[in-house]
>>> print(open('data37.txt').read())   # compact mmCIF, C-alpha atoms (C1' of nucleotides)
# COMPACT_ATOMS: atom_id res chain seq x y z
CA MET A 29 0.00 0.00 0.00
CA ILE A 30 2.90 2.32 0.65
CA LEU A 31 4.28 1.61 -2.83
CA ALA A 32 0.83 2.40 -4.19
CA SER A 33 0.94 5.80 -2.47
CA VAL A 34 4.30 6.91 -3.83
CA PRO A 35 4.93 8.92 -7.02
CA LYS A 36 5.68 6.69 -9.98
CA GLY A 37 9.37 6.24 -10.71
CA LYS A 38 10.27 6.72 -7.04
CA PRO A 39 11.45 3.35 -5.76
CA LEU A 40 11.71 2.65 -2.03
CA ASN A 41 14.38 0.30 -0.73
CA SER A 42 13.89 -2.46 1.81
CA LYS A 43 15.65 -0.54 4.58
CA ALA A 44 13.28 2.41 4.25
CA LEU A 45 10.18 0.23 4.07
CA ALA A 46 11.32 -1.87 7.01
CA GLU A 47 11.94 1.19 9.18
CA PHE A 48 8.58 2.61 8.17
CA HIS A 49 6.77 -0.50 9.37
CA GLY A 50 9.04 -1.33 12.27
CA VAL A 51 9.95 -4.80 11.03
CA PRO A 52 13.36 -6.37 10.37
CA LYS A 53 14.86 -5.30 7.06
CA GLU A 54 16.03 -8.79 6.08
CA TYR A 55 12.64 -10.29 6.78
CA LEU A 56 10.73 -7.70 4.79
CA SER A 57 13.29 -8.13 2.05
CA LYS A 58 12.27 -11.78 1.70
CA CYS A 59 8.65 -10.77 1.28
CA LEU A 60 9.51 -8.14 -1.30
CA GLN A 61 11.55 -10.68 -3.22
CA MET A 62 8.50 -12.94 -3.33
CA LEU A 63 6.38 -10.07 -4.58
CA SER A 64 9.03 -9.47 -7.20
CA GLN A 65 9.04 -13.09 -8.34
CA ALA A 66 5.26 -12.94 -8.62
CA GLY A 67 5.59 -9.92 -10.90
CA LEU A 68 3.83 -7.51 -8.55
CA VAL A 69 6.80 -5.21 -7.95
CA THR A 70 9.84 -4.33 -10.00
CA THR A 71 13.27 -3.94 -8.51
CA THR A 72 16.27 -1.81 -9.40
CA THR A 73 19.69 -2.39 -7.87
CA GLY A 74 22.37 0.13 -7.08
CA PRO A 75 22.19 3.50 -5.35
CA HIS A 76 18.66 4.96 -5.32
CA GLY A 77 17.38 1.55 -6.29
CA GLY A 78 14.55 -0.29 -4.54
CA TYR A 79 11.02 -1.47 -5.16
CA SER A 80 8.13 -0.06 -7.19
CA LEU A 81 4.77 -1.49 -8.13
CA ALA A 82 4.93 -3.35 -11.43
CA LYS A 83 1.31 -2.51 -12.26
CA THR A 84 -1.21 0.14 -11.33
CA PRO A 85 -2.96 -0.53 -8.00
CA ASP A 86 -6.24 -1.34 -9.74
CA LYS A 87 -4.54 -4.27 -11.44
CA ILE A 88 -3.25 -5.84 -8.21
CA SER A 89 -5.68 -7.82 -6.08
CA PHE A 90 -5.20 -8.82 -2.47
CA LEU A 91 -5.26 -12.40 -3.69
CA ASP A 92 -2.23 -11.62 -5.86
CA VAL A 93 -0.37 -10.46 -2.78
CA VAL A 94 -1.50 -13.32 -0.52
CA GLU A 95 -0.66 -15.96 -3.12
CA ALA A 96 2.71 -14.36 -3.80
CA ILE A 97 3.60 -14.74 -0.11
CA GLU A 98 1.74 -17.88 0.96
CA GLY A 99 1.46 -19.82 -2.27
CA LYS A 100 -1.48 -20.86 -4.42
CA SER A 101 -2.27 -24.21 -2.84
CA SER A 102 -5.36 -24.65 -0.73
CA THR A 103 -5.25 -23.72 2.92
CA PHE A 104 -6.73 -27.17 3.57
CA LYS A 105 -4.50 -30.16 3.00
CA CYS A 106 -6.20 -33.54 2.89
CA ASN A 107 -4.11 -36.19 4.63
CA GLU A 108 -6.10 -39.06 3.13
CA ILE A 109 -6.76 -40.66 6.48
CA ARG A 110 -9.64 -42.48 4.81
CA ARG A 111 -6.99 -44.91 3.58
CA ASN A 112 -6.55 -46.10 7.15
CA ASN A 113 -10.14 -47.29 7.35
CA PRO A 114 -9.84 -50.94 8.42
CA CYS A 115 -13.19 -51.84 6.82
CA LEU A 116 -12.10 -51.05 3.28
CA ALA A 117 -12.30 -53.91 0.83
CA LYS A 118 -9.32 -54.22 -1.51
CA SER A 119 -11.47 -53.17 -4.45
CA ASP A 120 -12.24 -49.86 -2.77
CA ARG A 121 -8.68 -48.59 -2.55
CA LYS A 122 -8.70 -46.57 -5.77
CA PHE A 123 -9.83 -43.19 -4.35
CA SER A 124 -9.94 -41.58 -7.76
CA LYS A 125 -12.06 -38.67 -6.61
CA LEU A 126 -11.27 -36.21 -3.86
CA CYS A 127 -12.87 -37.09 -0.54
CA ASP A 128 -16.07 -35.24 0.24
CA ILE A 129 -14.70 -33.49 3.28
CA ALA A 130 -11.74 -32.12 1.34
CA ALA A 131 -14.17 -30.99 -1.36
CA VAL A 132 -16.13 -28.97 1.20
CA MET A 133 -12.96 -27.41 2.58
CA HIS A 134 -11.63 -26.58 -0.88
CA GLU A 135 -14.92 -24.98 -1.82
CA ALA A 136 -14.62 -22.73 1.24
CA ASP A 137 -11.03 -21.97 0.32
CA GLU A 138 -12.21 -20.90 -3.12
CA ALA A 139 -14.84 -18.63 -1.58
CA TRP A 140 -12.06 -17.01 0.46
CA ARG A 141 -9.89 -16.56 -2.61
CA ASN A 142 -12.78 -15.16 -4.65
CA SER A 143 -13.35 -12.53 -1.99
CA LEU A 144 -9.68 -11.54 -2.03
CA ARG A 145 -9.60 -11.59 -5.84
CA GLU A 146 -12.31 -8.95 -6.06
CA LYS A 147 -10.49 -6.50 -3.80
CA LYS A 148 -7.79 -4.42 -5.47
CA LEU A 149 -5.18 -2.26 -3.82
CA SER A 150 -6.90 0.74 -5.41
CA ASP A 151 -10.05 -0.02 -3.43
CA ILE A 152 -8.48 1.23 -0.22
CA THR A 153 -5.88 3.79 -1.34
CA ASP A 154 -8.29 6.66 -0.72
CA SER A 155 -9.72 5.49 2.57
CA LEU A 156 -6.22 5.03 3.96
CA LEU A 157 -6.11 8.82 4.20
CA ASP A 158 -9.56 9.23 5.75
CA GLY A 159 -9.31 10.91 9.10
CA VAL A 160 -5.59 11.50 8.76
CA SER A 161 -4.40 14.98 9.60
CA LYS A 162 -2.64 17.35 7.19
CA GLU A 163 0.40 17.07 9.43
CA THR A 164 0.73 13.33 8.91
CA VAL A 165 0.24 13.66 5.18
CA GLY A 166 2.93 16.34 5.08
CA ASN A 167 5.26 14.17 7.12
CA PHE A 168 4.73 11.33 4.69
CA ILE A 169 5.47 13.46 1.64
CA ASN A 170 8.69 14.63 3.28
CA TRP A 171 9.54 11.09 4.28
CA VAL A 172 9.21 9.90 0.69
CA ASP A 173 11.44 12.76 -0.47
CA ASP A 174 14.07 11.73 2.04
CA HIS A 175 14.26 8.13 0.85
CA MET B 6 -18.87 -38.30 9.77
CA ILE B 7 -18.43 -41.74 11.32
CA LEU B 8 -20.61 -40.73 14.25
CA ALA B 9 -23.19 -39.55 11.71
CA SER B 10 -23.16 -43.00 10.09
CA VAL B 11 -23.75 -44.99 13.26
CA PRO B 12 -27.13 -46.09 14.69
CA LYS B 13 -28.46 -43.67 17.28
CA GLY B 14 -27.70 -44.63 20.88
CA LYS B 15 -24.54 -46.46 19.86
CA PRO B 16 -21.61 -44.46 21.22
CA LEU B 17 -18.08 -45.01 19.94
CA ASN B 18 -15.14 -44.49 22.25
CA SER B 19 -11.95 -42.64 21.43
CA LYS B 20 -9.89 -45.81 21.15
CA ALA B 21 -12.17 -47.24 18.48
CA LEU B 22 -12.35 -43.99 16.51
CA ALA B 23 -8.60 -43.51 16.72
CA GLU B 24 -7.90 -47.01 15.43
CA PHE B 25 -10.41 -46.52 12.65
CA HIS B 26 -8.61 -43.41 11.44
CA GLY B 27 -5.09 -44.48 12.27
CA VAL B 28 -4.36 -41.53 14.56
CA PRO B 29 -3.19 -41.45 18.19
CA LYS B 30 -5.97 -42.08 20.66
CA GLU B 31 -4.94 -39.30 23.04
CA TYR B 32 -4.76 -36.75 20.28
CA LEU B 33 -8.15 -37.62 18.83
CA SER B 34 -9.47 -37.55 22.37
CA LYS B 35 -8.53 -33.88 22.65
CA CYS B 36 -10.44 -33.10 19.48
CA LEU B 37 -13.49 -35.01 20.67
CA GLN B 38 -13.38 -33.14 23.96
CA MET B 39 -13.44 -29.87 22.02
CA LEU B 40 -16.40 -31.08 20.00
CA SER B 41 -18.05 -31.99 23.30
CA GLN B 42 -17.44 -28.55 24.79
CA ALA B 43 -18.92 -27.01 21.66
CA GLY B 44 -22.04 -29.10 22.16
CA LEU B 45 -21.65 -31.08 18.95
CA VAL B 46 -21.21 -34.48 20.56
CA THR B 47 -22.40 -35.97 23.83
CA THR B 48 -20.23 -38.18 25.99
CA THR B 49 -20.95 -41.03 28.35
CA THR B 50 -18.34 -42.39 30.72
CA GLY B 51 -17.91 -45.92 31.98
CA PRO B 52 -17.97 -49.23 30.12
CA HIS B 53 -19.69 -49.00 26.73
CA GLY B 54 -19.43 -45.25 26.97
CA GLY B 55 -18.04 -42.98 24.30
CA TYR B 56 -19.18 -40.29 21.89
CA SER B 57 -22.38 -39.70 19.95
CA LEU B 58 -23.62 -36.77 17.91
CA ALA B 59 -25.54 -34.31 20.06
CA LYS B 60 -27.74 -33.26 17.10
CA THR B 61 -28.89 -34.74 13.83
CA PRO B 62 -26.31 -34.34 11.00
CA ASP B 63 -28.47 -31.77 9.23
CA LYS B 64 -28.11 -29.49 12.27
CA ILE B 65 -24.31 -29.61 12.32
CA SER B 66 -22.40 -27.47 9.84
CA PHE B 67 -18.77 -27.83 8.87
CA LEU B 68 -18.27 -24.39 10.36
CA ASP B 69 -19.50 -25.74 13.70
CA VAL B 70 -16.81 -28.40 13.56
CA VAL B 71 -14.03 -26.10 12.37
CA GLU B 72 -14.82 -23.45 14.99
CA ALA B 73 -15.03 -26.08 17.73
CA ILE B 74 -11.47 -27.17 16.92
CA GLU B 75 -9.79 -23.98 15.72
CA GLY B 76 -11.78 -21.30 17.47
CA LYS B 77 -14.06 -18.55 16.25
CA SER B 78 -11.53 -15.79 15.78
CA SER B 79 -10.52 -14.67 12.32
CA THR B 80 -7.79 -16.55 10.50
CA PHE B 81 -6.22 -13.13 9.93
CA LYS B 82 -4.73 -11.37 12.91
CA CYS B 83 -3.91 -7.69 12.48
CA ASN B 84 -0.64 -6.79 14.22
CA GLU B 85 -1.31 -3.06 14.02
CA ILE B 86 1.99 -2.33 12.38
CA ARG B 87 0.47 0.96 11.23
CA ARG B 88 1.28 2.22 14.71
CA ASN B 89 4.96 2.07 13.81
CA ASN B 90 4.50 4.60 11.02
CA PRO B 91 7.06 7.34 11.80
CA CYS B 92 5.04 9.96 9.96
CA LEU B 93 2.05 9.77 12.26
CA ALA B 94 1.14 13.00 14.01
CA LYS B 95 0.22 12.59 17.68
CA SER B 96 -3.38 13.43 16.92
CA ASP B 97 -3.62 10.47 14.54
CA ARG B 98 -2.88 7.78 17.10
CA LYS B 99 -6.46 6.92 17.97
CA PHE B 100 -7.06 4.15 15.40
CA SER B 101 -10.67 3.75 16.39
CA LYS B 102 -11.60 1.86 13.25
CA LEU B 103 -10.09 -1.35 11.99
CA CYS B 104 -7.39 -0.82 9.38
CA ASP B 105 -8.52 -1.25 5.79
CA ILE B 106 -6.25 -4.18 5.09
CA ALA B 107 -7.57 -6.09 8.09
CA ALA B 108 -11.09 -5.27 6.93
CA VAL B 109 -10.40 -6.87 3.54
CA MET B 110 -8.91 -9.95 5.17
CA HIS B 111 -11.78 -10.27 7.63
CA GLU B 112 -14.28 -9.99 4.82
CA ALA B 113 -12.57 -12.88 3.05
CA ASP B 114 -12.54 -14.82 6.31
CA GLU B 115 -16.29 -14.28 6.56
CA ALA B 116 -16.78 -15.54 3.00
CA TRP B 117 -14.88 -18.68 3.99
CA ARG B 118 -17.01 -19.15 7.09
CA ASN B 119 -20.23 -18.55 5.18
CA SER B 120 -19.29 -21.30 2.76
CA LEU B 121 -18.61 -23.70 5.62
CA ARG B 122 -21.78 -22.63 7.43
CA GLU B 123 -23.96 -23.67 4.51
CA LYS B 124 -22.54 -27.18 4.35
CA LYS B 125 -24.00 -29.66 6.83
CA LEU B 126 -22.72 -33.09 7.72
CA SER B 127 -25.90 -34.49 6.15
CA ASP B 128 -24.88 -33.04 2.78
CA ILE B 129 -22.22 -35.69 2.33
CA THR B 130 -23.46 -38.67 4.34
CA ASP B 131 -24.94 -40.30 1.22
CA SER B 132 -22.08 -39.60 -1.16
CA LEU B 133 -19.60 -41.09 1.31
CA LEU B 134 -21.02 -44.47 0.26
CA ASP B 135 -20.97 -43.79 -3.49
CA GLY B 136 -18.81 -46.29 -5.25
CA VAL B 137 -18.17 -48.29 -2.09
CA SER B 138 -18.62 -52.03 -2.41
CA LYS B 139 -21.13 -54.13 -0.49
CA GLU B 140 -18.17 -55.79 1.16
CA THR B 141 -16.88 -52.58 2.70
CA VAL B 142 -20.34 -51.61 3.89
CA GLY B 143 -20.72 -55.05 5.48
CA ASN B 144 -17.34 -54.74 7.14
CA PHE B 145 -18.33 -51.39 8.57
CA ILE B 146 -21.62 -52.70 9.99
CA ASN B 147 -19.72 -55.52 11.66
CA TRP B 148 -17.06 -53.11 12.91
CA VAL B 149 -19.69 -50.95 14.58
CA ASP B 150 -21.22 -54.01 16.22
CA ASP B 151 -17.83 -54.97 17.61
CA HIS B 152 -17.22 -51.61 19.28
C1' DG C 9 37.68 1.57 -13.53
C1' DC C 10 36.54 2.21 -8.38
C1' DT C 11 33.43 2.61 -4.65
C1' DA C 12 29.17 2.78 -2.42
C1' DT C 13 24.62 1.07 -2.59
C1' DT C 14 21.18 -2.04 -3.53
C1' DA C 15 18.67 -6.59 -4.41
C1' DC C 16 19.30 -11.61 -4.29
C1' DG C 17 19.52 -16.02 -2.25
C1' DG C 18 21.47 -19.65 0.60
C1' DA C 19 22.18 -21.19 5.16
C1' DC C 20 21.01 -21.19 9.64
C1' DA C 21 19.20 -19.75 14.50
C1' DA C 22 15.31 -18.39 17.38
C1' DT C 23 10.71 -18.49 18.28
C1' DT C 24 6.22 -20.08 18.14
C1' DG C 25 2.51 -23.24 17.22
C1' DT C 26 0.98 -27.72 16.47
C1' DT C 27 1.01 -32.45 17.35
C1' DG C 28 1.71 -36.26 20.26
C1' DT C 29 2.38 -38.47 25.04
C1' DC C 30 1.74 -39.34 29.84
C1' DC C 31 -0.69 -39.65 33.99
C1' DG C 32 -3.87 -38.76 37.74
C1' DT C 33 -9.03 -37.83 38.64
C1' DA C 34 -14.00 -38.38 38.22
C1' DA C 35 -17.95 -40.79 36.52
C1' DT C 36 -20.31 -44.93 35.22
C1' DT C 37 -21.50 -49.90 34.51
C1' DA C 38 -21.62 -54.61 35.84
C1' DT D 21 -15.47 -53.29 44.11
C1' DA D 22 -13.22 -53.59 39.73
C1' DA D 23 -13.04 -52.41 35.04
C1' DT D 24 -13.85 -48.93 31.65
C1' DT D 25 -14.39 -44.54 30.00
C1' DA D 26 -13.95 -39.32 29.44
C1' DC D 27 -11.50 -35.28 31.28
C1' DG D 28 -7.83 -32.13 31.76
C1' DG D 29 -3.25 -30.63 33.14
C1' DA D 30 1.52 -30.90 32.15
C1' DC D 31 4.96 -31.63 29.16
C1' DA D 32 7.87 -33.51 25.09
C1' DA D 33 8.60 -33.87 20.10
C1' DC D 34 8.14 -31.94 15.85
C1' DA D 35 7.15 -28.53 12.25
C1' DA D 36 6.46 -23.99 10.56
C1' DT D 37 7.28 -19.42 10.84
C1' DT D 38 10.06 -15.60 11.79
C1' DG D 39 14.38 -13.43 12.16
C1' DT D 40 19.62 -13.14 11.22
C1' DC D 41 23.87 -13.41 8.78
C1' DC D 42 26.79 -13.27 4.96
C1' DG D 43 28.60 -13.68 0.32
C1' DT D 44 27.39 -12.51 -4.73
C1' DA D 45 25.70 -9.79 -8.59
C1' DA D 46 24.06 -5.54 -10.52
C1' DT D 47 23.91 -0.51 -10.85
C1' DA D 48 24.88 4.58 -10.30
C1' DG D 49 27.99 8.20 -9.53
C1' DC D 50 32.64 9.80 -9.15
>>> encode(input="data37.txt", output="structure tokens")
Amino acid sequence: MILASVPKGKPLNSKALAEFHGVPKEYLSKCLQMLSQAGLVTTTTGPHGGYSLAKTPDKISFLDVVEAIEGKSSTFKCNEIRRNNPCLAKSDRKFSKLCDIAAVMHEADEAWRNSLREKKLSDITDSLLDGVSKETVGNFINWVDDH
Amino acid sequence: MILASVPKGKPLNSKALAEFHGVPKEYLSKCLQMLSQAGLVTTTTGPHGGYSLAKTPDKISFLDVVEAIEGKSSTFKCNEIRRNNPCLAKSDRKFSKLCDIAAVMHEADEAWRNSLREKKLSDITDSLLDGVSKETVGNFINWVDDH
DNA sequence: GCTATTACGGACAATTGTTGTCCGTAATTA
DNA sequence: TAATTACGGACAACAATTGTCCGTAATAGC
């Protein structure tokens, strides 16, 4: 969201972003690298290098961000414990289709993803400033200039 | 789902259910205790005691089960890192409303829960038997008798 | 070309959360 | 009274996440 609020062509480096959020630089750096690999941000090395959004905020969904960091596989992992069922006849050990419980969980996972897919970064850029004083906004503009 | 497939008034104990699923008895026992505290299953102590569903399967949703085990709080926990923002003027430190990012994540969490809420155990009781041989069904009936 | 700055990525340590185990207590049935 | 069962606290083992360190490659400015 910070990258979405910065003038285009003004990259921010991991040190600056880490200090802004009060998190370890190296840790945030890992996250930014994942965003980079997912094609959400572009990076430039060297002095005055850093990170910028690769697309306009209306083209980046929250699902894009979540999947870049946490992966695209379902939050529910079926462990196939049905295979342990001692009553199973030999002929019933195929298990071609997904088990019904996993299907229910995956359907819920999809509902979650669909909700995140519909929300774009641009949907909250404006409201981030709601109720924020002129002073803070001014501080932020200066902060961006200084980094 | 096993408890939903058993004749009413026939409790199954944790040892039997654990062997059926190939998981440690003590661990499954913890889960069953949580289901009990949530009012989803009833327990009876003593010989021939064990667990039974507290309601009919059409009255138990997958959300009931998930929340009994994993709790009712959102899967997303906001860490309020916005408070670390060095640009914040003193007057902007109230943060009465939830941050916009957390709101998006909570909305997705709700979509996930809504999906799980609509699915009842009874929705899959029948299809659990689809494509299962007579032999397996017979084995299961005998297994229940033996426990 | 040299130096400072930056991202990148591998390896690893610290921390936390989940999973699994043990054991004593209370309740119930025969 | 003895056997069986759930309950719940404490704790150990394991896995995942979070955080740290360091060497390499790329870039900008001098």
>>> axis_aligned_box(input="data37.txt", around="segment 71-85 of chain B", padding_each_side="3 Å", output="JSON")
{"center_x": -7.8, "center_y": -15.1, "center_z": 13.8, "size_x": 20.4, "size_y": 30.1, "size_z": 13.8}
>>> closest_residue(input="data37.txt", among="B:Asn84, B:Thr48, B:Gln42, B:Thr141", to="chain D", atoms="all atoms listed in the file")
B:Thr48
>>> residues_around(input="data37.txt", residues="Thr72 of chain A", least_positions_apart="4", cutoff="10 Å", atoms="all atoms listed in the file", output="JSON, numbers by chain")
{"A": [39, 40, 41, 76, 77, 78, 79, 80], "C": [14, 15], "D": [46, 47]}
>>> residues_around(input="data37.txt", residues="Arg98 of chain B", least_positions_apart="4", cutoff="9 Å", atoms="all atoms listed in the file", output="list in words")
Arg88, Leu93 and Ala94 of chain B
>>> write_last_selection(input="data37.txt", atoms="C-alpha atoms", output="tab-separated table (two decimals), in the frame of the given file")
chain	number	residue	atom	x	y	z
B	88	ARG	CA	1.28	2.22	14.71
B	93	LEU	CA	2.05	9.77	12.26
B	94	ALA	CA	1.14	13.00	14.01
>>> closest_residue(input="data37.txt", among="B:Leu134, B:Asp150, B:Gly44, B:Leu68", to="Asn119 of chain B", atoms="all atoms listed in the file")
B:Leu68
>>> interface_residues(input="data37.txt", of="chain A", to="chain C", cutoff="6 Å", atoms="only C-alpha atoms (C1' of nucleotides)", output="PyMOL selection string")
chain A and resi 73-75+77
>>> residues_near_point(input="data37.txt", point="(-14.5, -28.8, 18.5)", cutoff="12 Å", atoms="all atoms listed in the file", output="PyMOL selection string")
chain B and resi 33-47+65-77
>>> closest_residue(input="data37.txt", among="A:Cys127, A:Ala46, A:Ile30, A:Cys115", to="Asp135 of chain B", atoms="all atoms listed in the file")
A:Cys127
>>> atom_distance(input="data37.txt", atom1="atom CA of Glu115 of chain B", atom2="atom CA of Trp140 of chain A")
7.9 Å
>>> atom_distance(input="data37.txt", atom1="atom CA of Lys38 of chain A", atom2="atom C1' of DC50 of chain D")
22.7 Å
>>> build_atoms(input="data37.txt", residues="segment 152-167 of chain A", atoms="N, CA and C atoms", output="PDB file, in the coordinates of the input")
ATOM      1  N   ILE A 152      -8.652   0.641  -1.552  1.00  0.00           N
ATOM      2  CA  ILE A 152      -8.480   1.230  -0.220  1.00  0.00           C
ATOM      3  C   ILE A 152      -7.443   2.370  -0.194  1.00  0.00           C
ATOM      4  N   THR A 153      -6.884   2.714  -1.345  1.00  0.00           N
ATOM      5  CA  THR A 153      -5.880   3.790  -1.340  1.00  0.00           C
ATOM      6  C   THR A 153      -6.474   5.087  -0.788  1.00  0.00           C
ATOM      7  N   ASP A 154      -7.697   5.415  -1.188  1.00  0.00           N
ATOM      8  CA  ASP A 154      -8.290   6.660  -0.720  1.00  0.00           C
ATOM      9  C   ASP A 154      -8.598   6.611   0.768  1.00  0.00           C
ATOM     10  N   SER A 155      -9.249   5.540   1.188  1.00  0.00           N
ATOM     11  CA  SER A 155      -9.720   5.490   2.570  1.00  0.00           C
ATOM     12  C   SER A 155      -8.565   5.381   3.566  1.00  0.00           C
ATOM     13  N   LEU A 156      -7.387   5.045   3.068  1.00  0.00           N
ATOM     14  CA  LEU A 156      -6.220   5.030   3.960  1.00  0.00           C
ATOM     15  C   LEU A 156      -5.972   6.416   4.540  1.00  0.00           C
ATOM     16  N   LEU A 157      -6.369   7.441   3.774  1.00  0.00           N
ATOM     17  CA  LEU A 157      -6.110   8.820   4.200  1.00  0.00           C
ATOM     18  C   LEU A 157      -7.269   9.420   4.988  1.00  0.00           C
ATOM     19  N   ASP A 158      -8.398   8.705   5.015  1.00  0.00           N
ATOM     20  CA  ASP A 158      -9.560   9.230   5.750  1.00  0.00           C
ATOM     21  C   ASP A 158      -9.194   9.459   7.212  1.00  0.00           C
ATOM     22  N   GLY A 159      -9.525  10.633   7.688  1.00  0.00           N
ATOM     23  CA  GLY A 159      -9.310  10.910   9.100  1.00  0.00           C
ATOM     24  C   GLY A 159      -7.853  11.103   9.480  1.00  0.00           C
ATOM     25  N   VAL A 160      -6.998  11.245   8.472  1.00  0.00           N
ATOM     26  CA  VAL A 160      -5.590  11.500   8.760  1.00  0.00           C
ATOM     27  C   VAL A 160      -5.328  12.996   8.628  1.00  0.00           C
ATOM     28  N   SER A 161      -4.605  13.528   9.576  1.00  0.00           N
ATOM     29  CA  SER A 161      -4.400  14.980   9.600  1.00  0.00           C
ATOM     30  C   SER A 161      -3.465  15.440   8.478  1.00  0.00           C
ATOM     31  N   LYS A 162      -3.554  16.722   8.165  1.00  0.00           N
ATOM     32  CA  LYS A 162      -2.640  17.350   7.190  1.00  0.00           C
ATOM     33  C   LYS A 162      -1.189  17.134   7.609  1.00  0.00           C
ATOM     34  N   GLU A 163      -0.965  17.196   8.916  1.00  0.00           N
ATOM     35  CA  GLU A 163       0.400  17.070   9.430  1.00  0.00           C
ATOM     36  C   GLU A 163       1.001  15.726   9.019  1.00  0.00           C
ATOM     37  N   THR A 164       0.244  14.659   9.254  1.00  0.00           N
ATOM     38  CA  THR A 164       0.730  13.330   8.910  1.00  0.00           C
ATOM     39  C   THR A 164       0.994  13.212   7.412  1.00  0.00           C
ATOM     40  N   VAL A 165       0.066  13.718   6.628  1.00  0.00           N
ATOM     41  CA  VAL A 165       0.240  13.660   5.180  1.00  0.00           C
ATOM     42  C   VAL A 165       1.514  14.397   4.772  1.00  0.00           C
ATOM     43  N   GLY A 166       1.712  15.575   5.365  1.00  0.00           N
ATOM     44  CA  GLY A 166       2.930  16.340   5.080  1.00  0.00           C
ATOM     45  C   GLY A 166       4.177  15.580   5.486  1.00  0.00           C
ATOM     46  N   ASN A 167       4.127  14.966   6.665  1.00  0.00           N
ATOM     47  CA  ASN A 167       5.260  14.170   7.120  1.00  0.00           C
ATOM     48  C   ASN A 167       5.589  13.061   6.115  1.00  0.00           C
TER      49      ASN A 167
END
